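Accompanying notes for the structure given below.
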Amino acid sequence: MTYDLLNPLVPLPQGIFQIPAAPNLENRSDSDWIQLSLVIPTYNEAKNIQELIKVLSDLLDGVIPGDYELIVVDDDSPDYTWKLAQELTVEYPQLQVMRREKEKGLATAVVRGWQMARGEILGVIDADLQHPPKVLAQLWQKIQQGADLAVASRHINGGGVSEWNLGRRILSRGAQMLGLMVLPEVLGKLSDPMSGYFLLRRSSIIERAMNPIGYKILIEVVARGRIHSSAEVGYVFQERQEGESKVIWKQYLEYIGHLLRLRLFLWAKGRFIRFVLVGLTGVLVDMGIFYLLSDPSTLGWSLTRSKIIAAELAMINNFFWNDLWTFRDISRQQTGMSPRFKRLLKFNVICLGGLILNVLFLNFVFHVLGLNRYLANLIAIAAVTFWNFWFNCKFSWRVTDKGK
Ligand code: GDD
Ligand code: MN
């Protein structure tokens, strides 16, 4: 093997997982921008990698000849996938190889590969030929038609999985359902958010600090990126011919951790914080009215009657600020008294459910746990805030079709 013809291994990016606006070209043999950088995460794929690189190169030489790169990111495979891949660079000069010896994991491998990518479009495909390379041409076309993200989906027409057993199907769909409950605004955008086969515009993800874990790189991209338009292409997930899947129970635990991490990130980033701050003004209104009506030193009304009136006035306060601030992006698409009144009604109905919970909580904490009435009220309000936020998001603060 004439080793001086090999492409040198791609330098390992260190530190945070953030894709730079411009390619990181220092001590790189190749120079400037290209159209596509397709990352191929590998672990023990020595039996698949040569076939995959050949098929991908033949396909891309017909679509964007000389204007793409394939970046294998290997986690120091015991079967020396990285070494085999590097030897292939003599025949396929557009192939780059990164060998990671300290970090591990599919999702982080993809981001590290994108950090060293020179492409205006980034992508990921598995090395084991379970993602049919021919679908790449259709994904590329969707991007050329203006999509920020083009995803190969098993769950639209033309999609499917080959001979998956019932257990694997249930696990995959179950994972998707769990994701829809925890991150409806992320997983609800795609028919196959578990897909590991997609292309995306570099501009959609640059300078966004990412924190991937496990296998599901797509939910990380959708949650943290700036995806304004996405498209899907149906494909059938193939049977693996060589090697075996690396998915074990650990990936499922990492997936749950990933969902929770992104949930907190999205709450902290936007609406939830605004909703909570508005809720705090509501707490002041609720507690103030509750004191005036129920305290023995003032009107001394019953706990439940005082609570209902105080909560209703707090709800009107909260609706006013949520409509003006928390959900302003939606409410300002639906101006006028009638849509606003409908939103107030909808908000009230949702919060009414919360109020019932609130009153039950309050009586339980006050009468059964014997806590001070005001502490009991605070605990009840905090518990119901999550309920109110989730339902108001789910029913999307929308009363008309405008702006959908
Ligand atoms: N670098 C690196 N490090 N690569 C890895 C690792 C790792 O720790 N684990 C797996 N890979 C590579 C494999 O070598 C393969 O190329 C690809 O990631 C997918 O791994 P599989 O173990 O074959 O996953 P799967 O077939 O069960 O599921 C794949 O397809 C699903 C549908 O698109 C994965 O991509 C899933 O994320 C995806 O949902
Ligand atoms: Mn696979």
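By convention here, the chains of the structure tokens are called A, B, ... in the order presented, each chain's residues are numbered starting at 1, and ligands are numbered starting at 1 in the order presented.
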Can you pull out the residues contacting A:Thr298? Cut-off 12 Å, using only C-alpha atoms, and skip same-chain residues under 6 positions away; I want them as a PyMOL selection string.
chain A and resi 288-292+306
Take the residues from that selection and write them out as a PDB file, in the first residue's frame, keeping N, CA, C and O atoms.
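Writing done, so here's part09.pdb:
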ATOM      1  N   GLY A 288     -53.445  36.977  47.082  1.00  0.00           N
ATOM      2  CA  GLY A 288     -54.014  38.221  47.643  1.00  0.00           C
ATOM      3  C   GLY A 288     -55.523  38.094  47.802  1.00  0.00           C
ATOM      4  O   GLY A 288     -56.082  38.334  48.887  1.00  0.00           O
ATOM      5  N   ILE A 289     -56.187  37.669  46.756  1.00  0.00           N
ATOM      6  CA  ILE A 289     -57.668  37.540  46.801  1.00  0.00           C
ATOM      7  C   ILE A 289     -58.059  36.454  47.803  1.00  0.00           C
ATOM      8  O   ILE A 289     -58.985  36.587  48.596  1.00  0.00           O
ATOM      9  N   PHE A 290     -57.253  35.330  47.754  1.00  0.00           N
ATOM     10  CA  PHE A 290     -57.532  34.197  48.657  1.00  0.00           C
ATOM     11  C   PHE A 290     -57.476  34.675  50.107  1.00  0.00           C
ATOM     12  O   PHE A 290     -58.326  34.362  50.930  1.00  0.00           O
ATOM     13  N   TYR A 291     -56.476  35.532  50.419  1.00  0.00           N
ATOM     14  CA  TYR A 291     -56.344  36.081  51.796  1.00  0.00           C
ATOM     15  C   TYR A 291     -57.562  36.945  52.120  1.00  0.00           C
ATOM     16  O   TYR A 291     -58.246  36.750  53.121  1.00  0.00           O
ATOM     17  N   LEU A 292     -57.880  37.884  51.224  1.00  0.00           N
ATOM     18  CA  LEU A 292     -58.977  38.822  51.485  1.00  0.00           C
ATOM     19  C   LEU A 292     -60.290  38.085  51.718  1.00  0.00           C
ATOM     20  O   LEU A 292     -61.092  38.456  52.574  1.00  0.00           O
ATOM     21  N   SER A 306     -63.532  30.663  48.361  1.00  0.00           N
ATOM     22  CA  SER A 306     -62.491  31.702  48.216  1.00  0.00           C
ATOM     23  C   SER A 306     -61.515  31.305  47.116  1.00  0.00           C
ATOM     24  O   SER A 306     -61.128  32.116  46.271  1.00  0.00           O
TER      25      SER A 306
END
Let me see if you get this right: every residue at most 7 Å from ligand 2, counting only C-alpha atoms and all ligand atoms, written as a ChimeraX atom specification.
/A:126,128,130,240,245
Keeping only C-alpha atoms, write the selected residues as an mmCIF file, in the first residue's frame.
data_model
loop_
_atom_site.group_PDB
_atom_site.id
_atom_site.type_symbol
_atom_site.label_atom_id
_atom_site.label_comp_id
_atom_site.auth_asym_id
_atom_site.auth_seq_id
_atom_site.Cartn_x
_atom_site.Cartn_y
_atom_site.Cartn_z
ATOM 1 C CA ASP A 126 -25.367 4.461 8.386
ATOM 2 C CA ASP A 128 -24.266 -0.950 7.127
ATOM 3 C CA GLN A 130 -29.580 -0.511 5.901
ATOM 4 C CA ARG A 240 -28.362 -5.903 7.751
ATOM 5 C CA SER A 245 -26.746 -3.672 15.291
#
Residues of chain A that have any atom at most 9 Å from an atom of ligand 1: could you tabulate them with the shortest-distance atom pair and the distance in Å to one decimal, using only C-alpha atoms and all ligand atoms, ordered by chain and increasing number, as a Markdown table?
| residue | atom | partner | partner_atom_place_in_ligand_line | distance |
| --- | --- | --- | --- | --- |
| A:Ile40 | CA | ligand 1 | 16 (O) | 6.4 |
| A:Pro41 | CA | ligand 1 | 4 (N) | 4.0 |
| A:Thr42 | CA | ligand 1 | 14 (O) | 3.5 |
| A:Tyr43 | CA | ligand 1 | 14 (O) | 3.9 |
| A:Asn44 | CA | ligand 1 | 14 (O) | 6.0 |
| A:Glu45 | CA | ligand 1 | 14 (O) | 5.6 |
| A:Asn48 | CA | ligand 1 | 16 (O) | 8.9 |
| A:Ile49 | CA | ligand 1 | 16 (O) | 8.8 |
| A:Val72 | CA | ligand 1 | 1 (N) | 8.1 |
| A:Val73 | CA | ligand 1 | 1 (N) | 5.3 |
| A:Asp74 | CA | ligand 1 | 1 (N) | 4.4 |
| A:Asp75 | CA | ligand 1 | 1 (N) | 4.6 |
| A:Asp76 | CA | ligand 1 | 1 (N) | 8.1 |
| A:Ser77 | CA | ligand 1 | 1 (N) | 8.4 |
| A:Arg99 | CA | ligand 1 | 1 (N) | 8.6 |
| A:Arg100 | CA | ligand 1 | 1 (N) | 7.7 |
| A:Glu103 | CA | ligand 1 | 3 (N) | 8.4 |
| A:Lys104 | CA | ligand 1 | 8 (O) | 4.9 |
| A:Gly105 | CA | ligand 1 | 8 (O) | 3.3 |
| A:Leu106 | CA | ligand 1 | 7 (C) | 4.1 |
| A:Ala107 | CA | ligand 1 | 3 (N) | 7.7 |
| A:Thr108 | CA | ligand 1 | 1 (N) | 7.8 |
| A:Ala109 | CA | ligand 1 | 1 (N) | 4.9 |
| A:Val110 | CA | ligand 1 | 1 (N) | 7.5 |
| A:Val124 | CA | ligand 1 | 35 (O) | 8.8 |
| A:Ile125 | CA | ligand 1 | 16 (O) | 7.3 |
| A:Asp126 | CA | ligand 1 | 16 (O) | 3.8 |
| A:Ala127 | CA | ligand 1 | 16 (O) | 3.7 |
| A:Asp128 | CA | ligand 1 | 16 (O) | 5.3 |
| A:Leu129 | CA | ligand 1 | 16 (O) | 8.2 |
| A:Gln130 | CA | ligand 1 | 26 (O) | 6.6 |
| A:His131 | CA | ligand 1 | 33 (O) | 7.0 |
| A:Ala152 | CA | ligand 1 | 33 (O) | 7.9 |
| A:Ser153 | CA | ligand 1 | 33 (O) | 8.0 |
| A:Arg154 | CA | ligand 1 | 32 (C) | 8.0 |
| A:Ser172 | CA | ligand 1 | 39 (O) | 8.1 |
| A:Asp192 | CA | ligand 1 | 33 (O) | 8.4 |
| A:Pro193 | CA | ligand 1 | 39 (O) | 8.0 |
| A:Met194 | CA | ligand 1 | 39 (O) | 4.3 |
| A:Ser195 | CA | ligand 1 | 33 (O) | 3.8 |
| A:Gly196 | CA | ligand 1 | 33 (O) | 3.8 |
| A:Tyr197 | CA | ligand 1 | 33 (O) | 5.5 |
| A:Phe198 | CA | ligand 1 | 33 (O) | 8.9 |
| A:Gly214 | CA | ligand 1 | 8 (O) | 7.9 |
| A:Tyr215 | CA | ligand 1 | 37 (O) | 4.5 |
| A:Lys216 | CA | ligand 1 | 37 (O) | 5.2 |
| A:Ile217 | CA | ligand 1 | 37 (O) | 7.2 |
| A:Leu218 | CA | ligand 1 | 37 (O) | 8.4 |
| A:Phe237 | CA | ligand 1 | 32 (C) | 7.0 |
| A:Gln238 | CA | ligand 1 | 26 (O) | 8.9 |
| A:Glu239 | CA | ligand 1 | 26 (O) | 8.7 |
| A:Arg240 | CA | ligand 1 | 26 (O) | 7.5 |
| A:Gly243 | CA | ligand 1 | 23 (O) | 8.4 |
| A:Glu244 | CA | ligand 1 | 23 (O) | 6.5 |
| A:Ser245 | CA | ligand 1 | 22 (O) | 3.4 |
| A:Lys246 | CA | ligand 1 | 22 (O) | 3.5 |
| A:Val247 | CA | ligand 1 | 22 (O) | 5.0 |
| A:Ile248 | CA | ligand 1 | 22 (O) | 8.6 |
Residue with smallest distance to A:Gly62 - pool A:Phe265, A:Gly119, A:Leu136, A:Ser229, counting only C-alpha atoms:
A:Leu136
Minimum-distance residue to A:His228, chosen among A:Asp323, A:Asp148, A:Glu69, A:Glu163 (using only C-alpha atoms):
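Smallest separation from A:His228 among the options: A:Asp148.
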Out of A:Leu12, A:Ile308, A:Arg202, A:Leu187, which residue has the shortest atom-to-atom distance to A:Glu101 when counting only C-alpha atoms?
A:Leu12
Tell me, which residues of stretch 88-333 of chain A carry DSSP alpha helix (DSSP H), written as an MDAnalysis selection string?
chainID A and resid 88 106:115 135:144 166:182 184:187 217:224 249:269 271:294 303:321 328:331
Shell around A:Arg263 at 7 Å using only C-alpha atoms, local window under 3 positions removed, as a VMD selection string
chain A and resid 182 to 183 259 to 260 266 to 267
Quick one: DSSP strand (DSSP E or B) residues in stretch 81-326 of chain A, as a PyMOL selection string?
chain A and resi 95-99+119-124+149-153+160-161+198-201+206+210+230-234+236-237
Between A:Val186, A:Met337, A:Val283, A:Leu88, which residue has the minimum interatomic distance to A:Ala314, considering only C-alpha atoms?
A:Val283
